[in-house]
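**Q** Dropping in input-v1.pdb, which is PDB, C-alpha atoms:
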ATOM      1  CA  MET A   1     -15.615 -12.254  16.380
ATOM      2  CA  LYS A   2     -12.702 -12.545  18.791
ATOM      3  CA  ASP A   3      -9.679 -12.294  16.590
ATOM      4  CA  LYS A   4      -6.127 -13.033  17.662
ATOM      5  CA  HIS A   5      -4.574 -10.819  15.036
ATOM      6  CA  LEU A   6      -6.371  -7.623  16.006
ATOM      7  CA  THR A   7      -5.948  -8.182  19.736
ATOM      8  CA  THR A   8      -2.150  -8.257  19.330
ATOM      9  CA  LEU A   9      -2.520  -4.474  18.846
ATOM     10  CA  ARG A  10      -0.107  -4.254  15.946
ATOM     11  CA  MET A  11      -0.488  -1.355  13.565
ATOM     12  CA  ILE A  12      -2.982  -1.846  10.735
ATOM     13  CA  TYR A  13      -2.556   0.175   7.549
ATOM     14  CA  LEU A  14      -5.452   1.300   5.377
ATOM     15  CA  PHE A  15      -4.065   2.924   2.244
ATOM     16  CA  GLY A  16      -6.243   4.234  -0.581
ATOM     17  CA  ASN A  17      -4.586   4.217  -4.016
ATOM     18  CA  TRP A  18      -6.522   6.625  -6.215
ATOM     19  CA  LYS A  19      -4.522   5.674  -9.331
ATOM     20  CA  MET A  20      -5.729   7.808 -12.288
ATOM     21  CA  TYR A  21      -9.428   7.593 -11.431
ATOM     22  CA  LEU A  22      -9.831  11.179 -10.170
ATOM     23  CA  ASP A  23      -8.871  14.501 -11.733
ATOM     24  CA  LEU A  24      -7.774  17.524  -9.701
ATOM     25  CA  GLU A  25     -11.260  18.821  -8.937
ATOM     26  CA  GLU A  26     -12.593  15.358  -8.103
ATOM     27  CA  SER A  27      -9.630  14.687  -5.792
ATOM     28  CA  VAL A  28     -10.118  17.931  -3.891
ATOM     29  CA  ALA A  29     -13.868  17.310  -3.667
ATOM     30  CA  LEU A  30     -13.319  13.852  -2.198
ATOM     31  CA  VAL A  31     -10.793  14.946   0.431
ATOM     32  CA  THR A  32     -13.066  17.829   1.376
ATOM     33  CA  GLU A  33     -15.905  15.368   1.905
ATOM     34  CA  LEU A  34     -13.627  13.089   3.941
ATOM     35  CA  CYS A  35     -12.646  16.009   6.169
ATOM     36  CA  ASN A  36     -16.294  16.943   6.676
ATOM     37  CA  VAL A  37     -17.289  13.423   7.705
ATOM     38  CA  LYS A  38     -16.766  12.636  11.364
ATOM     39  CA  LEU A  39     -14.639   9.542  10.823
ATOM     40  CA  PRO A  40     -13.750   7.252  13.725
ATOM     41  CA  THR A  41     -10.067   6.987  14.625
ATOM     42  CA  HIS A  42      -7.916   4.432  16.392
ATOM     43  CA  GLU A  43      -4.308   4.705  17.500
ATOM     44  CA  TYR A  44      -3.474   1.395  15.809
ATOM     45  CA  VAL A  45      -4.979   2.251  12.416
ATOM     46  CA  THR A  46      -2.881   4.316  10.007
ATOM     47  CA  LEU A  47      -4.850   5.961   7.195
ATOM     48  CA  GLY A  48      -3.139   6.982   3.982
ATOM     49  CA  ILE A  49      -4.100   8.379   0.577
ATOM     50  CA  PHE A  50      -2.116   8.156  -2.652
ATOM     51  CA  PRO A  51      -3.463  10.832  -5.038
ATOM     52  CA  ASN A  52      -2.178  11.453  -8.553
ATOM     53  CA  PRO A  53       0.830  13.813  -8.898
ATOM     54  CA  LEU A  54      -1.255  16.668 -10.305
ATOM     55  CA  ALA A  55      -3.537  16.645  -7.251
ATOM     56  CA  PHE A  56      -0.925  15.887  -4.565
ATOM     57  CA  VAL A  57      -0.278  19.400  -3.253
ATOM     58  CA  SER A  58      -3.946  20.415  -3.360
ATOM     59  CA  VAL A  59      -4.919  17.272  -1.474
ATOM     60  CA  ARG A  60      -2.164  17.953   1.047
ATOM     61  CA  ASN A  61      -3.468  21.457   1.662
ATOM     62  CA  VAL A  62      -7.006  20.223   2.345
ATOM     63  CA  PHE A  63      -5.806  17.366   4.546
ATOM     64  CA  LYS A  64      -3.596  19.520   6.805
ATOM     65  CA  GLY A  65      -4.400  18.690  10.427
ATOM     66  CA  SER A  66      -6.314  15.529   9.514
ATOM     67  CA  THR A  67      -5.544  11.939  10.509
ATOM     68  CA  PHE A  68      -4.577  11.010   6.938
ATOM     69  CA  PHE A  69      -1.022  10.581   5.728
ATOM     70  CA  LEU A  70      -0.149  11.203   2.090
ATOM     71  CA  GLY A  71       1.838   9.067  -0.307
ATOM     72  CA  ALA A  72       3.186   9.187  -3.844
ATOM     73  CA  GLN A  73       1.938   6.708  -6.434
ATOM     74  CA  ASN A  74       5.405   6.435  -7.956
ATOM     75  CA  VAL A  75       8.843   8.042  -7.565
ATOM     76  CA  GLY A  76      11.965   8.642  -9.597
ATOM     77  CA  TRP A  77      15.218   7.280  -8.172
ATOM     78  CA  THR A  78      17.380  10.380  -8.631
ATOM     79  CA  SER A  79      16.932  13.374  -6.330
ATOM     80  CA  LYS A  80      17.100  16.226  -8.882
ATOM     81  CA  GLY A  81      18.341  16.881 -12.392
ATOM     82  CA  ALA A  82      17.559  16.515 -16.078
ATOM     83  CA  TYR A  83      14.885  13.827 -15.818
ATOM     84  CA  THR A  84      11.877  15.191 -17.686
ATOM     85  CA  GLY A  85       8.558  13.887 -16.383
ATOM     86  CA  SER A  86      10.018  12.292 -13.251
ATOM     87  CA  ILE A  87       9.221  13.294  -9.655
ATOM     88  CA  SER A  88      11.831  12.097  -7.185
ATOM     89  CA  ALA A  89      11.322  10.671  -3.723
ATOM     90  CA  GLU A  90      13.155  13.694  -2.348
ATOM     91  CA  LEU A  91      10.789  16.118  -4.093
ATOM     92  CA  TYR A  92       7.792  14.205  -2.777
ATOM     93  CA  LYS A  93       9.244  14.216   0.727
ATOM     94  CA  ASN A  94       9.674  17.978   0.571
ATOM     95  CA  ALA A  95       6.064  18.276  -0.624
ATOM     96  CA  GLY A  96       4.743  16.341   2.374
ATOM     97  CA  ALA A  97       4.724  12.659   1.426
ATOM     98  CA  THR A  98       5.178  10.097   4.177
ATOM     99  CA  TYR A  99       4.828   7.011   1.960
ATOM    100  CA  ALA A 100       5.368   6.049  -1.673
ATOM    101  CA  LEU A 101       4.086   3.135  -3.703
ATOM    102  CA  VAL A 102       6.948   1.362  -5.434
ATOM    103  CA  GLY A 103       6.627  -1.329  -8.087
ATOM    104  CA  HIS A 104       2.856  -1.398  -8.308
ATOM    105  CA  SER A 105       1.769  -4.110 -10.734
ATOM    106  CA  GLU A 106       0.502  -1.492 -13.175
ATOM    107  CA  ARG A 107       3.987   0.018 -13.201
ATOM    108  CA  ARG A 108       5.563  -3.402 -13.644
ATOM    109  CA  TYR A 109       3.276  -4.915 -16.250
ATOM    110  CA  ILE A 110       1.975  -1.892 -18.173
ATOM    111  CA  PHE A 111       5.072   0.315 -18.050
ATOM    112  CA  ASN A 112       7.607  -2.544 -17.986
ATOM    113  CA  GLU A 113       9.217  -1.484 -14.721
ATOM    114  CA  THR A 114      11.917  -4.005 -13.824
ATOM    115  CA  ASN A 115      12.929  -5.468 -10.478
ATOM    116  CA  GLU A 116      16.141  -3.461 -10.770
ATOM    117  CA  ALA A 117      14.189  -0.208 -11.194
ATOM    118  CA  VAL A 118      12.030  -1.108  -8.194
ATOM    119  CA  ARG A 119      15.153  -1.637  -6.078
ATOM    120  CA  LYS A 120      16.556   1.770  -7.070
ATOM    121  CA  LYS A 121      13.277   3.419  -6.093
ATOM    122  CA  VAL A 122      13.226   1.618  -2.736
ATOM    123  CA  GLU A 123      16.713   2.917  -1.975
ATOM    124  CA  ALA A 124      15.744   6.422  -3.113
ATOM    125  CA  CYS A 125      12.745   6.422  -0.773
ATOM    126  CA  LEU A 126      14.798   5.255   2.200
ATOM    127  CA  ASP A 127      17.475   7.881   1.475
ATOM    128  CA  ALA A 128      14.815  10.612   1.249
ATOM    129  CA  GLY A 129      13.066   9.558   4.465
ATOM    130  CA  ILE A 130       9.938   8.219   2.769
ATOM    131  CA  ILE A 131       8.514   4.822   3.709
ATOM    132  CA  PRO A 132       8.314   2.683   0.550
ATOM    133  CA  VAL A 133       5.229   0.515   0.124
ATOM    134  CA  VAL A 134       6.655  -2.100  -2.216
ATOM    135  CA  CYS A 135       4.088  -3.974  -4.280
ATOM    136  CA  ILE A 136       4.678  -7.583  -5.259
ATOM    137  CA  GLY A 137       2.383 -10.129  -6.848
ATOM    138  CA  GLU A 138       1.909 -12.778  -9.481
ATOM    139  CA  THR A 139      -0.072 -12.634 -12.707
ATOM    140  CA  GLN A 140      -2.726 -15.116 -13.779
ATOM    141  CA  LYS A 141      -0.154 -16.515 -16.206
ATOM    142  CA  ASP A 142       2.283 -17.096 -13.326
ATOM    143  CA  LYS A 143      -0.431 -18.770 -11.309
ATOM    144  CA  ASP A 144      -1.531 -21.051 -14.143
ATOM    145  CA  ALA A 145       2.093 -22.089 -14.763
ATOM    146  CA  ASN A 146       2.699 -22.814 -11.041
ATOM    147  CA  LYS A 147       5.235 -19.968 -10.918
ATOM    148  CA  LYS A 148       3.568 -17.932  -8.199
ATOM    149  CA  GLU A 149       6.086 -18.842  -5.505
ATOM    150  CA  TYR A 150       9.008 -18.286  -7.872
ATOM    151  CA  ARG A 151       7.695 -14.836  -8.862
ATOM    152  CA  LEU A 152       7.168 -13.686  -5.286
ATOM    153  CA  LYS A 153      10.513 -14.986  -4.044
ATOM    154  CA  LYS A 154      12.352 -13.272  -6.883
ATOM    155  CA  GLN A 155      10.595  -9.961  -6.288
ATOM    156  CA  ILE A 156      11.334 -10.165  -2.549
ATOM    157  CA  MET A 157      14.977 -11.053  -3.137
ATOM    158  CA  LYS A 158      15.444  -8.097  -5.482
ATOM    159  CA  VAL A 159      14.042  -5.752  -2.822
ATOM    160  CA  PHE A 160      15.863  -7.027   0.267
ATOM    161  CA  GLU A 161      19.125  -8.671  -0.780
ATOM    162  CA  GLY A 162      21.947  -6.537   0.621
ATOM    163  CA  LEU A 163      19.510  -3.789   1.689
ATOM    164  CA  SER A 164      20.424  -1.958   4.896
ATOM    165  CA  LEU A 165      17.294  -0.765   6.671
ATOM    166  CA  ASP A 166      19.187   0.649   9.676
ATOM    167  CA  ARG A 167      16.044   1.391  11.683
ATOM    168  CA  LYS A 168      14.217   2.590   8.555
ATOM    169  CA  GLU A 169      10.718   1.392   7.704
ATOM    170  CA  ILE A 170       9.487  -0.504   4.673
ATOM    171  CA  ILE A 171       6.101  -2.070   3.920
ATOM    172  CA  ILE A 172       5.305  -4.850   1.469
ATOM    173  CA  ALA A 173       1.948  -4.906  -0.331
ATOM    174  CA  TYR A 174       0.902  -8.269  -1.736
ATOM    175  CA  GLU A 175      -1.312  -7.599  -4.743
ATOM    176  CA  PRO A 176      -2.107 -10.619  -6.895
ATOM    177  CA  VAL A 177      -2.465  -9.031 -10.316
ATOM    178  CA  TRP A 178      -5.416 -11.244 -11.205
ATOM    179  CA  ALA A 179      -7.341  -9.994  -8.152
ATOM    180  CA  ILE A 180      -7.092  -6.254  -8.781
ATOM    181  CA  TRP A 181     -10.479  -4.628  -9.460
ATOM    182  CA  PRO A 182     -12.521  -5.719 -11.297
ATOM    183  CA  GLY A 183     -10.806  -9.038 -10.683
ATOM    184  CA  THR A 184     -11.736 -11.859  -8.325
ATOM    185  CA  PRO A 185     -10.624 -11.209  -4.728
ATOM    186  CA  CYS A 186      -8.096 -13.668  -3.346
ATOM    187  CA  ASN A 187      -9.805 -16.172  -1.053
ATOM    188  CA  PRO A 188      -8.802 -15.895   2.622
ATOM    189  CA  GLU A 189      -7.007 -19.248   2.770
ATOM    190  CA  GLU A 190      -4.791 -18.396  -0.181
ATOM    191  CA  ALA A 191      -4.159 -14.905   1.193
ATOM    192  CA  ARG A 192      -3.137 -16.381   4.554
ATOM    193  CA  ASP A 193      -0.761 -18.910   3.000
ATOM    194  CA  THR A 194       0.766 -16.302   0.700
ATOM    195  CA  HIS A 195       1.347 -13.816   3.500
ATOM    196  CA  GLU A 196       3.018 -16.551   5.543
ATOM    197  CA  LEU A 197       5.297 -17.283   2.589
ATOM    198  CA  ILE A 198       6.142 -13.606   2.167
ATOM    199  CA  HIS A 199       6.961 -13.111   5.863
ATOM    200  CA  ALA A 200       9.171 -16.216   5.807
ATOM    201  CA  GLU A 201      11.031 -14.996   2.731
ATOM    202  CA  ILE A 202      11.584 -11.515   4.147
ATOM    203  CA  ALA A 203      13.004 -13.055   7.324
ATOM    204  CA  LYS A 204      15.815 -14.579   5.237
ATOM    205  CA  TYR A 205      17.129 -11.088   4.483
ATOM    206  CA  THR A 206      16.383  -8.925   7.521
ATOM    207  CA  ASP A 207      15.557  -9.114  11.222
ATOM    208  CA  THR A 208      13.460  -5.959  10.884
ATOM    209  CA  LYS A 209       9.734  -6.427  11.342
ATOM    210  CA  VAL A 210       8.220  -5.684   7.928
ATOM    211  CA  PRO A 211       4.436  -5.230   7.701
ATOM    212  CA  VAL A 212       2.753  -7.034   4.807
ATOM    213  CA  ILE A 213      -0.587  -5.674   3.605
ATOM    214  CA  TYR A 214      -3.058  -7.065   1.067
ATOM    215  CA  GLY A 215      -4.471  -5.385  -2.037
ATOM    216  CA  GLY A 216      -6.832  -6.683  -4.699
ATOM    217  CA  SER A 217     -10.551  -5.836  -4.892
ATOM    218  CA  VAL A 218     -10.738  -4.908  -1.192
ATOM    219  CA  ASN A 219     -13.992  -3.339   0.024
ATOM    220  CA  ALA A 220     -16.063  -2.913   3.173
ATOM    221  CA  GLU A 221     -17.771  -6.252   2.614
ATOM    222  CA  ASN A 222     -14.635  -8.401   2.453
ATOM    223  CA  VAL A 223     -12.004  -6.469   4.424
ATOM    224  CA  GLU A 224     -12.694  -8.327   7.675
ATOM    225  CA  GLN A 225     -11.845 -11.682   6.145
ATOM    226  CA  TYR A 226      -8.348 -10.397   5.357
ATOM    227  CA  LEU A 227      -7.638  -8.479   8.553
ATOM    228  CA  SER A 228      -8.732 -11.479  10.629
ATOM    229  CA  LEU A 229      -5.705 -13.396   9.306
ATOM    230  CA  ASN A 230      -2.399 -13.469  11.143
ATOM    231  CA  GLY A 231       0.280 -11.931   8.962
ATOM    232  CA  VAL A 232      -2.041  -9.488   7.172
ATOM    233  CA  ASP A 233      -1.122  -6.047   8.492
ATOM    234  CA  GLY A 234      -3.473  -3.911   6.467
ATOM    235  CA  VAL A 235      -5.115  -3.378   3.093
ATOM    236  CA  LEU A 236      -4.517  -1.336  -0.049
ATOM    237  CA  PRO A 237      -7.859  -0.684  -1.764
ATOM    238  CA  GLY A 238      -7.932   1.048  -5.118
ATOM    239  CA  HIS A 239     -11.332   1.624  -6.713
ATOM    240  CA  ALA A 240     -13.205   1.373  -3.380
ATOM    241  CA  SER A 241     -11.171   4.283  -1.998
ATOM    242  CA  THR A 242     -12.178   6.716  -4.765
ATOM    243  CA  LYS A 243     -15.804   7.239  -3.750
ATOM    244  CA  ILE A 244     -17.113   8.623  -0.491
ATOM    245  CA  ASP A 245     -19.916   6.050  -0.240
ATOM    246  CA  THR A 246     -17.490   3.117  -0.474
ATOM    247  CA  PHE A 247     -14.387   4.518   1.247
ATOM    248  CA  VAL A 248     -16.059   5.783   4.422
ATOM    249  CA  PRO A 249     -17.769   2.423   5.164
ATOM    250  CA  LEU A 250     -14.426   0.714   4.595
ATOM    251  CA  ILE A 251     -12.683   2.973   7.111
ATOM    252  CA  GLU A 252     -15.509   2.597   9.600
ATOM    253  CA  HIS A 253     -15.467  -1.175   9.254
ATOM    254  CA  VAL A 254     -11.721  -1.471   9.805
ATOM    255  CA  ILE A 255     -11.738   0.728  12.899
ATOM    256  CA  GLY A 256     -14.866  -1.030  14.113
ATOM    257  CA  LEU A 257     -12.944  -4.310  14.187
ATOM    258  CA  PHE A 258     -10.627  -2.882  16.833
ATOM    259  CA  ARG A 259     -13.466  -1.498  18.891
ATOM    260  CA  ALA A 260     -15.166  -4.899  18.789
ATOM    261  CA  ASN A 261     -11.945  -6.546  20.005
ATOM    262  CA  PRO A 262     -10.613  -4.354  22.820
TER
END
Let me see the file written as structure tokens.
**A**
Amino acid sequence: MKDKHLTTLRMIYLFGNWKMYLDLEESVALVTELCNVKLPTHEYVTLGIFPNPLAFVSVRNVFKGSTFFLGAQNVGWTSKGAYTGSISAELYKNAGATYALVGHSERRYIFNETNEAVRKKVEACLDAGIIPVVCIGETQKDKDANKKEYRLKKQIMKVFEGLSLDRKEIIIAYEPVWAIWPGTPCNPEEARDTHELIHAEIAKYTDTKVPVIYGGSVNAENVEQYLSLNGVDGVLPGHASTKIDTFVPLIEHVIGLFRANP
């Protein structure tokens, strides 16, 4: 395959969201295995892991000196204070986080996180020096009611309206809620059209180049069909990133795409 997107040599992000699948011992065991495997690397592929809060520091200690960056699965929007159970972006930054997921669909639709809360967390990340990976996406109900475009535009507006990036980075992750494992992966044509819509909407609010990655039942078998699309700047696998025998092939496949398209 000779792919235009990969030969533009833009950065591709491969972020593994471990959610609440792994406990502390399982998380440490997996990162230890990842460090013992001789994984291929590429200067245009950024690898990241988002472990649960309990495992974050232990994972960081094992990963020191590796090619993996670490991220938080969620952040609080205040830096410090009387906020029981919350871990702020600033605290995560001090602990070694480079990225943070913000507004993941499970936070939005299970824990009732609002667009306003997502915006506060985005600002907190930028103030702390963490790169927010802001998740947006429509539900099956939205899709059935022809409200997909409305939902995405509203979520994008709430993130970017009046936001000053000032040379700071932000990433958008498009995750159709209906496609998240064990859902049905978004077909490539729909993913392409949706990413084009998202890029166009973002351009209404900022001149900053904002990467848009795809998440939703991504694995080694289907990742190429997403990364071969213009406008798809990476992937955010969940379940496939929690096992060595599915995550390593995924990493190898992504980096192999670059080596096949020098």
**Q** Apply the PyMOL selection byres ((chain A and resi 212) around 8) to the file shown and report the selected residues as a ChimeraX atom specification.
**A** /A:171-174,195,198-199,210-211,213-214,231-234
**Q** Dump C-alpha atoms for the selected residues as a compact mmCIF listing (two decimals), keeping the file's coordinate frame?
**A**
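After the write, result34.txt holds the following:
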# COMPACT_ATOMS: atom_id res chain seq x y z
CA ILE A 171 6.10 -2.07 3.92
CA ILE A 172 5.30 -4.85 1.47
CA ALA A 173 1.95 -4.91 -0.33
CA TYR A 174 0.90 -8.27 -1.74
CA HIS A 195 1.35 -13.82 3.50
CA ILE A 198 6.14 -13.61 2.17
CA HIS A 199 6.96 -13.11 5.86
CA VAL A 210 8.22 -5.68 7.93
CA PRO A 211 4.44 -5.23 7.70
CA ILE A 213 -0.59 -5.67 3.60
CA TYR A 214 -3.06 -7.06 1.07
CA GLY A 231 0.28 -11.93 8.96
CA VAL A 232 -2.04 -9.49 7.17
CA ASP A 233 -1.12 -6.05 8.49
CA GLY A 234 -3.47 -3.91 6.47
**Q** Given the file shown, determine the residues that the PyMOL selection byres ((chain A and resi 222) around 10) selects; report them as an MDAnalysis selection string.
**A** chainID A and resid 185 187:188 217:221 223:227 250 253
**Q** Write out the residues from the selection above, keeping C-alpha atoms, as a PDB file, in the coordinates of the input.
**A**
ATOM      1  CA  PRO A 185     -10.624 -11.209  -4.728  1.00  0.00           C
ATOM      2  CA  ASN A 187      -9.805 -16.172  -1.053  1.00  0.00           C
ATOM      3  CA  PRO A 188      -8.802 -15.895   2.622  1.00  0.00           C
ATOM      4  CA  SER A 217     -10.551  -5.836  -4.892  1.00  0.00           C
ATOM      5  CA  VAL A 218     -10.738  -4.908  -1.192  1.00  0.00           C
ATOM      6  CA  ASN A 219     -13.992  -3.339   0.024  1.00  0.00           C
ATOM      7  CA  ALA A 220     -16.063  -2.913   3.173  1.00  0.00           C
ATOM      8  CA  GLU A 221     -17.771  -6.252   2.614  1.00  0.00           C
ATOM      9  CA  VAL A 223     -12.004  -6.469   4.424  1.00  0.00           C
ATOM     10  CA  GLU A 224     -12.694  -8.327   7.675  1.00  0.00           C
ATOM     11  CA  GLN A 225     -11.845 -11.682   6.145  1.00  0.00           C
ATOM     12  CA  TYR A 226      -8.348 -10.397   5.357  1.00  0.00           C
ATOM     13  CA  LEU A 227      -7.638  -8.479   8.553  1.00  0.00           C
ATOM     14  CA  LEU A 250     -14.426   0.714   4.595  1.00  0.00           C
ATOM     15  CA  HIS A 253     -15.467  -1.175   9.254  1.00  0.00           C
TER      16      HIS A 253
END
**Q** Have a look at atom CA of A:Lys158 and atom CA of A:Glu116 and let me know their distance in Å, one decimal.
**A**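 Distance between the two atoms: 7.1 Å.
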**Q** Applied to the shown file, which residues does the PyMOL selection byres ((chain A and resi 179) around 10) return, written as number ranges by chain?
**A** A: 137-140, 175-178, 180-187, 215-218
**Q** Produce a file of the selected residues containing C-alpha atoms, as an mmCIF file, in the coordinates of the input.
**A**
data_model
loop_
_atom_site.group_PDB
_atom_site.id
_atom_site.type_symbol
_atom_site.label_atom_id
_atom_site.label_comp_id
_atom_site.auth_asym_id
_atom_site.auth_seq_id
_atom_site.Cartn_x
_atom_site.Cartn_y
_atom_site.Cartn_z
ATOM 1 C CA GLY A 137 2.383 -10.129 -6.848
ATOM 2 C CA GLU A 138 1.909 -12.778 -9.481
ATOM 3 C CA THR A 139 -0.072 -12.634 -12.707
ATOM 4 C CA GLN A 140 -2.726 -15.116 -13.779
ATOM 5 C CA GLU A 175 -1.312 -7.599 -4.743
ATOM 6 C CA PRO A 176 -2.107 -10.619 -6.895
ATOM 7 C CA VAL A 177 -2.465 -9.031 -10.316
ATOM 8 C CA TRP A 178 -5.416 -11.244 -11.205
ATOM 9 C CA ILE A 180 -7.092 -6.254 -8.781
ATOM 10 C CA TRP A 181 -10.479 -4.628 -9.460
ATOM 11 C CA PRO A 182 -12.521 -5.719 -11.297
ATOM 12 C CA GLY A 183 -10.806 -9.038 -10.683
ATOM 13 C CA THR A 184 -11.736 -11.859 -8.325
ATOM 14 C CA PRO A 185 -10.624 -11.209 -4.728
ATOM 15 C CA CYS A 186 -8.096 -13.668 -3.346
ATOM 16 C CA ASN A 187 -9.805 -16.172 -1.053
ATOM 17 C CA GLY A 215 -4.471 -5.385 -2.037
ATOM 18 C CA GLY A 216 -6.832 -6.683 -4.699
ATOM 19 C CA SER A 217 -10.551 -5.836 -4.892
ATOM 20 C CA VAL A 218 -10.738 -4.908 -1.192
#
**Q** For A:Ala117, work out the shell of residues within 9 Å, counting all atoms listed in the file and skipping chain neighbours fewer than 5 positions away, then give it as a PyMOL selection string.
**A** chain A and resi 77+103+122
**Q** Only C-alpha atoms, please: the residues just picked out, written as a compact mmCIF listing (two decimals), in the frame of the given file.
**A**
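Output file part_37.txt is given in full below:
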# COMPACT_ATOMS: atom_id res chain seq x y z
CA TRP A 77 15.22 7.28 -8.17
CA GLY A 103 6.63 -1.33 -8.09
CA VAL A 122 13.23 1.62 -2.74
**Q** What are the centre and edge lengths in Å, to one decimal, of the axis-aligned box around all listed atoms of stretch 80-94 of chain A with 3 Å added on each side, as AutoDock Vina command-line options?
**A**
--center_x 13.1 --center_y 14.3 --center_z -8.5 --size_x 16.5 --size_y 13.3 --size_z 24.4
**Q** Neighbours of A:Val62 within 9 Å (only C-alpha atoms; same-chain residues fewer than 6 positions away dropped), as a PyMOL selection string?
**A** chain A and resi 28+31-32+35
**Q** What separation in Å, quoted to one decimal, exists between atom CA of A:Glu149 and atom CA of A:Trp18?
**A** 28.4 Å
**Q** Pick the closest to A:Phe111 from A:Asn74, A:Ala145, A:Ala191, A:Arg167: which is it, counting all atoms listed in the file?
**A**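 Ranked by minimum distance to A:Phe111, first place goes to A:Asn74.
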**Q** With distances taken over only C-alpha atoms, which residue among A:His104, A:Lys93, A:His42, A:Lys148 lies nearest A:Val118?
**A**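 Of A:His104, A:Lys93, A:His42, A:Lys148, the one nearest A:Val118, counting only C-alpha atoms, is A:His104.
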**Q** Pick the closest to A:Ala203 from A:Ala89, A:Ala240, A:Cys135, A:Ile156: which is it, counting all atoms listed in the file?
**A**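 Closest candidate: A:Ile156.
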**Q** For each of A:Gly48, A:Gly71, A:Gly65, A:Pro40, take the minimum atom-to-atom distance to A:Val235, counting only C-alpha atoms, then give the residue where this is smallest.
**A**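 The answer is A:Gly48, which sits nearest to A:Val235.
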**Q** Using all atoms listed in the file, which of A:Ile136, A:Ala124, A:Val37, A:Ile49 sits nearest A:Ala97?
**A**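 Of all the options, A:Ile49 lies closest to A:Ala97.
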**Q** Rank nothing, just name the residue among A:Leu152, A:Ala29, A:Ile131, A:Val45 nearest to A:Thr194, using all atoms listed in the file.
**A**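 Using all atoms listed in the file, the shortest distance to A:Thr194 belongs to A:Leu152.
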**Q** Would you compute the distance between atom CA of A:Thr84 and atom CA of A:Leu101? Give it in Å to one decimal.
**A**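 Atom-to-atom, atom CA of A:Thr84 and atom CA of A:Leu101 are spaced 20.0 Å apart.
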